[in-house]
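Student: Provided herewith: structure.cif, mmCIF, C-alpha atoms.
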data_start
loop_
_atom_site.group_PDB
_atom_site.id
_atom_site.type_symbol
_atom_site.label_atom_id
_atom_site.label_comp_id
_atom_site.auth_asym_id
_atom_site.auth_seq_id
_atom_site.Cartn_x
_atom_site.Cartn_y
_atom_site.Cartn_z
ATOM 1 C CA MET A 15 87.803 43.645 -73.567
ATOM 2 C CA ALA A 16 84.913 41.223 -73.893
ATOM 3 C CA SER A 17 84.016 42.535 -77.363
ATOM 4 C CA LYS A 18 87.368 41.380 -78.819
ATOM 5 C CA LEU A 19 86.920 38.043 -77.060
ATOM 6 C CA GLU A 20 83.417 37.724 -78.494
ATOM 7 C CA GLU A 21 84.743 38.632 -81.955
ATOM 8 C CA MET A 22 87.404 35.953 -81.702
ATOM 9 C CA MET A 23 84.865 33.381 -80.463
ATOM 10 C CA SER A 24 82.567 34.175 -83.397
ATOM 11 C CA ARG A 25 85.092 32.597 -85.789
ATOM 12 C CA TYR A 26 84.310 29.170 -84.333
ATOM 13 C CA PRO A 27 81.149 27.045 -84.186
ATOM 14 C CA THR A 28 79.389 27.635 -80.857
ATOM 15 C CA ALA A 29 76.014 25.892 -81.236
ATOM 16 C CA THR A 30 76.596 23.344 -78.457
ATOM 17 C CA PRO A 31 78.200 23.638 -75.001
ATOM 18 C CA LEU A 32 81.140 21.493 -76.181
ATOM 19 C CA GLU A 33 81.680 23.720 -79.240
ATOM 20 C CA LYS A 34 81.596 26.781 -76.977
ATOM 21 C CA GLU A 35 84.209 25.326 -74.648
ATOM 22 C CA ASN A 36 86.421 24.232 -77.556
ATOM 23 C CA ALA A 37 86.128 27.725 -79.053
ATOM 24 C CA LEU A 38 87.159 29.184 -75.692
ATOM 25 C CA LYS A 39 90.177 26.851 -75.637
ATOM 26 C CA GLU A 40 91.243 27.810 -79.153
ATOM 27 C CA VAL A 41 90.843 31.531 -78.467
ATOM 28 C CA SER A 42 92.746 31.149 -75.186
ATOM 29 C CA GLN A 43 95.571 29.449 -77.095
ATOM 30 C CA GLU A 44 95.760 32.419 -79.464
ATOM 31 C CA VAL A 45 95.883 34.874 -76.551
ATOM 32 C CA ILE A 46 98.598 32.818 -74.817
ATOM 33 C CA LEU A 47 100.652 32.966 -78.022
ATOM 34 C CA TYR A 48 100.035 36.720 -78.145
ATOM 35 C CA GLY A 49 101.384 37.025 -74.599
ATOM 36 C CA LEU A 50 104.440 34.945 -75.459
ATOM 37 C CA ALA A 51 105.061 37.038 -78.594
ATOM 38 C CA LYS A 52 105.422 40.119 -76.388
ATOM 39 C CA THR A 53 108.489 38.542 -74.786
ATOM 40 C CA THR A 54 111.731 37.002 -76.026
ATOM 41 C CA PHE A 55 110.148 33.519 -75.987
ATOM 42 C CA PHE A 56 110.064 32.996 -79.754
ATOM 43 C CA SER A 57 113.725 34.001 -80.116
ATOM 44 C CA GLN A 58 114.604 30.744 -78.369
ATOM 45 C CA ALA A 59 111.618 28.455 -78.921
ATOM 46 C CA ALA A 60 109.523 27.135 -81.787
ATOM 47 C CA MET A 61 105.962 25.885 -81.811
ATOM 48 C CA TYR A 62 105.045 22.472 -83.217
ATOM 49 C CA GLY A 63 102.226 19.949 -82.972
ATOM 50 C CA GLY A 64 98.498 19.985 -83.574
ATOM 51 C CA THR A 65 97.773 23.576 -82.627
ATOM 52 C CA ALA A 66 100.622 24.798 -84.839
ATOM 53 C CA MET A 67 99.182 22.796 -87.741
ATOM 54 C CA ARG A 68 95.733 24.330 -87.156
ATOM 55 C CA LEU A 69 96.953 27.898 -86.780
ATOM 56 C CA PHE A 70 99.722 28.039 -89.354
ATOM 57 C CA LEU A 71 98.822 25.380 -91.907
ATOM 58 C CA GLY A 72 95.039 25.722 -91.759
ATOM 59 C CA LEU A 73 94.405 22.077 -90.884
ATOM 60 C CA ASP A 74 90.913 21.419 -89.566
ATOM 61 C CA ARG A 75 91.859 19.758 -86.316
ATOM 62 C CA PHE A 76 91.374 20.473 -82.639
ATOM 63 C CA SER A 77 94.239 20.313 -80.187
ATOM 64 C CA GLU A 78 93.961 21.154 -76.509
ATOM 65 C CA ASP A 79 97.566 22.065 -75.831
ATOM 66 C CA LEU A 80 100.433 24.211 -77.039
ATOM 67 C CA ASP A 81 103.691 22.408 -77.788
ATOM 68 C CA PHE A 82 107.066 24.104 -78.094
ATOM 69 C CA VAL A 83 110.705 23.080 -78.386
ATOM 70 C CA LEU A 84 113.822 25.041 -77.512
ATOM 71 C CA GLN A 85 115.911 25.823 -80.568
ATOM 72 C CA ARG A 86 119.094 25.947 -78.470
ATOM 73 C CA LYS A 87 119.900 24.371 -75.127
ATOM 74 C CA ASN A 88 118.985 26.623 -72.218
ATOM 75 C CA ASP A 89 119.374 25.096 -68.768
ATOM 76 C CA ASP A 90 117.819 28.200 -67.219
ATOM 77 C CA PHE A 91 114.494 28.021 -69.072
ATOM 78 C CA SER A 92 111.496 28.658 -66.834
ATOM 79 C CA TRP A 93 107.830 29.400 -67.550
ATOM 80 C CA ASN A 94 108.095 31.840 -64.623
ATOM 81 C CA ASP A 95 109.871 34.234 -66.992
ATOM 82 C CA TYR A 96 106.857 34.292 -69.335
ATOM 83 C CA ALA A 97 103.878 33.794 -67.027
ATOM 84 C CA PRO A 98 103.424 37.536 -66.234
ATOM 85 C CA SER A 99 103.145 38.464 -69.933
ATOM 86 C CA ILE A 100 100.784 35.559 -70.622
ATOM 87 C CA LYS A 101 98.629 36.468 -67.609
ATOM 88 C CA LYS A 102 98.538 40.155 -68.604
ATOM 89 C CA SER A 103 97.497 39.327 -72.169
ATOM 90 C CA LEU A 104 94.802 36.916 -71.007
ATOM 91 C CA ALA A 105 93.456 39.463 -68.527
ATOM 92 C CA SER A 106 93.335 42.139 -71.243
ATOM 93 C CA PHE A 107 90.825 39.904 -73.046
ATOM 94 C CA GLY A 108 88.766 39.251 -69.937
ATOM 95 C CA LEU A 109 90.281 35.835 -69.246
ATOM 96 C CA ASN A 110 91.168 35.880 -65.571
ATOM 97 C CA GLY A 111 92.192 32.329 -64.831
ATOM 98 C CA ASP A 112 95.356 31.126 -63.199
ATOM 99 C CA ILE A 113 98.667 30.001 -64.638
ATOM 100 C CA VAL A 114 100.030 27.009 -62.781
ATOM 101 C CA LEU A 115 103.545 25.722 -63.302
ATOM 102 C CA LYS A 116 103.765 21.954 -63.125
ATOM 103 C CA GLU A 117 106.459 20.761 -60.787
ATOM 104 C CA LYS A 118 108.119 17.575 -62.041
ATOM 105 C CA THR A 119 109.175 14.811 -59.704
ATOM 106 C CA LEU A 120 111.132 13.169 -62.529
ATOM 107 C CA ASP A 121 113.293 14.836 -65.145
ATOM 108 C CA THR A 122 111.318 14.243 -68.347
ATOM 109 C CA GLY A 123 113.043 16.857 -70.471
ATOM 110 C CA VAL A 124 109.748 18.756 -70.734
ATOM 111 C CA SER A 125 108.611 21.810 -68.770
ATOM 112 C CA SER A 126 104.849 22.212 -68.426
ATOM 113 C CA ALA A 127 102.395 24.852 -67.304
ATOM 114 C CA PHE A 128 98.615 25.199 -67.400
ATOM 115 C CA PHE A 129 96.154 28.016 -67.812
ATOM 116 C CA ALA A 130 92.925 27.259 -65.971
ATOM 117 C CA GLU A 131 89.904 29.492 -66.599
ATOM 118 C CA PRO A 132 86.607 29.191 -64.660
ATOM 119 C CA THR A 133 84.356 27.816 -67.416
ATOM 120 C CA LYS A 134 80.943 28.860 -66.082
ATOM 121 C CA GLU A 135 81.938 32.426 -65.246
ATOM 122 C CA THR A 136 83.587 32.946 -68.625
ATOM 123 C CA MET A 137 80.771 31.354 -70.632
ATOM 124 C CA LEU A 138 78.162 33.476 -68.850
ATOM 125 C CA GLU A 139 80.227 36.568 -69.658
ATOM 126 C CA ILE A 140 80.470 35.676 -73.353
ATOM 127 C CA PHE A 141 77.005 34.086 -73.730
ATOM 128 C CA PRO A 142 74.868 35.809 -71.067
ATOM 129 C CA ASN A 143 71.556 34.520 -72.453
ATOM 130 C CA ASP A 144 72.647 30.913 -72.921
ATOM 131 C CA ILE A 145 70.707 28.546 -70.645
ATOM 132 C CA ALA A 146 73.307 25.796 -71.143
ATOM 133 C CA SER A 147 75.989 28.026 -69.586
ATOM 134 C CA THR A 148 73.991 28.251 -66.353
ATOM 135 C CA LYS A 149 74.115 24.448 -66.074
ATOM 136 C CA ILE A 150 77.927 24.240 -66.091
ATOM 137 C CA VAL A 151 79.312 22.969 -62.790
ATOM 138 C CA PHE A 152 80.432 25.973 -60.727
ATOM 139 C CA ASN A 153 84.028 24.798 -60.265
ATOM 140 C CA GLN A 154 84.646 23.457 -63.797
ATOM 141 C CA LYS A 155 87.844 24.775 -65.368
ATOM 142 C CA THR A 156 88.752 25.161 -69.014
ATOM 143 C CA LYS A 157 92.419 24.169 -69.149
ATOM 144 C CA ILE A 158 95.138 24.825 -71.677
ATOM 145 C CA LYS A 159 98.398 22.951 -71.209
ATOM 146 C CA PHE A 160 101.538 24.438 -72.677
ATOM 147 C CA GLU A 161 104.804 22.607 -72.575
ATOM 148 C CA ILE A 162 108.261 22.916 -73.989
ATOM 149 C CA ALA A 163 110.775 20.215 -74.876
ATOM 150 C CA LEU A 164 114.025 21.321 -73.258
ATOM 151 C CA THR A 165 116.266 19.345 -75.614
ATOM 152 C CA PRO A 166 116.493 20.847 -79.093
ATOM 153 C CA ASN A 167 116.124 18.608 -82.116
ATOM 154 C CA ALA A 168 119.446 18.865 -83.945
ATOM 155 C CA HIS A 169 117.827 17.980 -87.280
ATOM 156 C CA ALA A 170 114.818 20.287 -87.092
ATOM 157 C CA SER A 171 114.286 23.160 -89.463
ATOM 158 C CA TYR A 172 112.218 26.176 -88.547
ATOM 159 C CA ARG A 173 110.107 28.704 -90.367
ATOM 160 C CA THR A 174 108.361 31.838 -89.234
ATOM 161 C CA GLY A 175 104.592 32.163 -89.133
ATOM 162 C CA TYR A 176 102.327 35.001 -88.068
ATOM 163 C CA LEU A 177 98.842 35.052 -86.617
ATOM 164 C CA GLU A 178 96.153 37.614 -87.358
ATOM 165 C CA TYR A 179 94.339 37.101 -84.051
ATOM 166 C CA PRO A 180 94.150 38.622 -81.533
ATOM 167 C CA THR A 181 96.160 41.194 -83.479
ATOM 168 C CA SER A 182 98.494 40.951 -86.443
#
For this file, write the structure as structure tokens.
Tutor:
Amino acid sequence: MASKLEEMMSRYPTATPLEKENALKEVSQEVILYGLAKTTFFSQAAMYGGTAMRLFLGLDRFSEDLDFVLQRKNDDFSWNDYAPSIKKSLASFGLNGDIVLKEKTLDTGVSSAFFAEPTKETMLEIFPNDIASTKIVFNQKTKIKFEIALTPNAHASYRTGYLEYPTS
């Protein structure tokens, strides 16, 4: 579904290689959220941080990761439960990278995962006539980190927000 991916990318500045990669990151974040929305994830977790401010409050800021917090304690939380839906959604938009769960050696109270997309391959698919894309190192990855705080904030309040992309 490269045309939908191209449409989503067109909402961002893409004049330079860095702008193109940042646009890819922001679009990938939206598709990851789309994949999570197709599960029960948002019945137990809330999004916060820089990306939430950009997407839901319209702030003009760039954030490379997706931050979440559990609304209620859940000792059984695992990104493994959500990775298949995220991967399926990403693939439906032509993003065929890997989802890697980060194994913690210390208990930090945060569970992390990464989506890693081959930058050169994806950029050449989206911008086939772009000379700069041919100069990207062959093994460069565009990475999106998503993590969830496993301890709920007892004093937090939550509100619901909706995204229009990739679909309402």
Student: Name the residues in contact with Asp144 of chain A at a cut-off of 12 Å, using only C-alpha atoms, excluding same-chain residues fewer than 2 positions from it; report them as a compact mmCIF listing (two decimals) with C-alpha atoms, in the frame of the given file.
Tutor:
# COMPACT_ATOMS: atom_id res chain seq x y z
CA THR A 28 79.39 27.64 -80.86
CA ALA A 29 76.01 25.89 -81.24
CA THR A 30 76.60 23.34 -78.46
CA PRO A 31 78.20 23.64 -75.00
CA LYS A 34 81.60 26.78 -76.98
CA LYS A 134 80.94 28.86 -66.08
CA THR A 136 83.59 32.95 -68.62
CA MET A 137 80.77 31.35 -70.63
CA LEU A 138 78.16 33.48 -68.85
CA GLU A 139 80.23 36.57 -69.66
CA ILE A 140 80.47 35.68 -73.35
CA PHE A 141 77.00 34.09 -73.73
CA PRO A 142 74.87 35.81 -71.07
CA ALA A 146 73.31 25.80 -71.14
CA SER A 147 75.99 28.03 -69.59
CA THR A 148 73.99 28.25 -66.35
CA LYS A 149 74.11 24.45 -66.07
CA ILE A 150 77.93 24.24 -66.09
Student: Which value, in Å to one decimal, gives the distance between atom CA of Arg25 of chain A and atom CA of Glu178 of chain A?
Tutor: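 If I compute the distance from atom CA of Arg25 of chain A to atom CA of Glu178 of chain A, I get 12.2 Å.
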Student: Rank nothing, just name the residue among A:Asn110, A:Thr174, A:Asn88, A:Asn143 nearest to Thr156 of chain A, using only C-alpha atoms.
Tutor: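 Of the candidates, the smallest distance to Thr156 of chain A is held by A:Asn110.
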Student: Go through A:Thr133, A:Ser77, A:Gln58, A:Ser171 one by one, measure the shortest atom-to-atom distance of each to Gln154 of chain A using all atoms listed in the file, and give the residue with the smallest value.
Tutor: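 Of A:Thr133, A:Ser77, A:Gln58, A:Ser171, the one nearest Gln154 of chain A is A:Thr133, counting all atoms listed in the file.
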Student: When you count all atoms listed in the file, which of these residues is closest to Leu164 of chain A: A:Lys116, A:Arg75, A:Lys52, A:Arg86?
Tutor: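 Of all the options, A:Arg86 lies closest to Leu164 of chain A.
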Student: What lies within 7 Å of Gly111 of chain A using all atoms listed in the file, ignoring chain neighbours under 5 positions off, as a PyMOL selection string?
Tutor: chain A and resi 129-132
Student: Go ahead and save the picked residues with C-alpha atoms, as a short mmCIF file (atom, residue, chain, number, x, y, z; two decimals), in the coordinates of the input.
Tutor:
data_model
loop_
_atom_site.label_atom_id
_atom_site.label_comp_id
_atom_site.auth_asym_id
_atom_site.auth_seq_id
_atom_site.Cartn_x
_atom_site.Cartn_y
_atom_site.Cartn_z
CA PHE A 129 96.15 28.02 -67.81
CA ALA A 130 92.92 27.26 -65.97
CA GLU A 131 89.90 29.49 -66.60
CA PRO A 132 86.61 29.19 -64.66
#
Student: Check the smallest atom-to-atom distance from each of A:Lys102, A:Ala59, A:Val83, A:Met23 to Glu35 of chain A using all atoms listed in the file, then report the winner.
Tutor: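 That would be A:Met23, the residue with the smallest distance to Glu35 of chain A.
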Student: Give as a list in words every residue, naming chains and numbers as the document does, that has an atom within 10 Å of (102.2, 36.2, -75.9), counting all atoms listed in the file.
Tutor: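 All residues meeting the 10 Å criterion around (102.2, 36.2, -75.9) are Gln43, Glu44, Val45, Ile46, Leu47, Tyr48, Gly49, Leu50, Ala51, Lys52, Thr53, Thr54, Phe55, Phe56, Tyr96, Ala97, Pro98, Ser99, Ile100, Lys101, Lys102, Ser103 and Leu104 of chain A.
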Student: Running the PyMOL selection byres ((chain A and resi 160-162) around 6) on this model by hand, what would come out? Give it as a list in words.
Tutor: Asp79, Leu80, Asp81, Phe82, Val83, Val124, Ser125, Ser126, Ala127, Lys159 and Ala163 of chain A
Student: Using only C-alpha atoms for the distances, tell me which of A:Gly175, A:Gly63, A:Pro180, A:Gly72 is nearest to Ser17 of chain A.
Tutor: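 Between A:Gly175, A:Gly63, A:Pro180, A:Gly72, the residue approaching Ser17 of chain A most closely is A:Pro180.
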Student: Nearest to Lys18 of chain A: which of A:Asn167, A:Gly108, A:Ala66, A:Leu71 is it, counting all atoms listed in the file?
Tutor: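 Closest residue, counting all atoms listed in the file: A:Gly108.
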Student: Measure the distance from atom CA of Leu109 of chain A to atom CA of Leu84 of chain A in Å and round it to one decimal.
Tutor: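 Pair atom CA of Leu109 of chain A / atom CA of Leu84 of chain A returns 27.2 Å.
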Student: Mind pulling up the distance from atom CA of Asn94 of chain A to atom CA of Glu20 of chain A?
Tutor: 28.9 Å
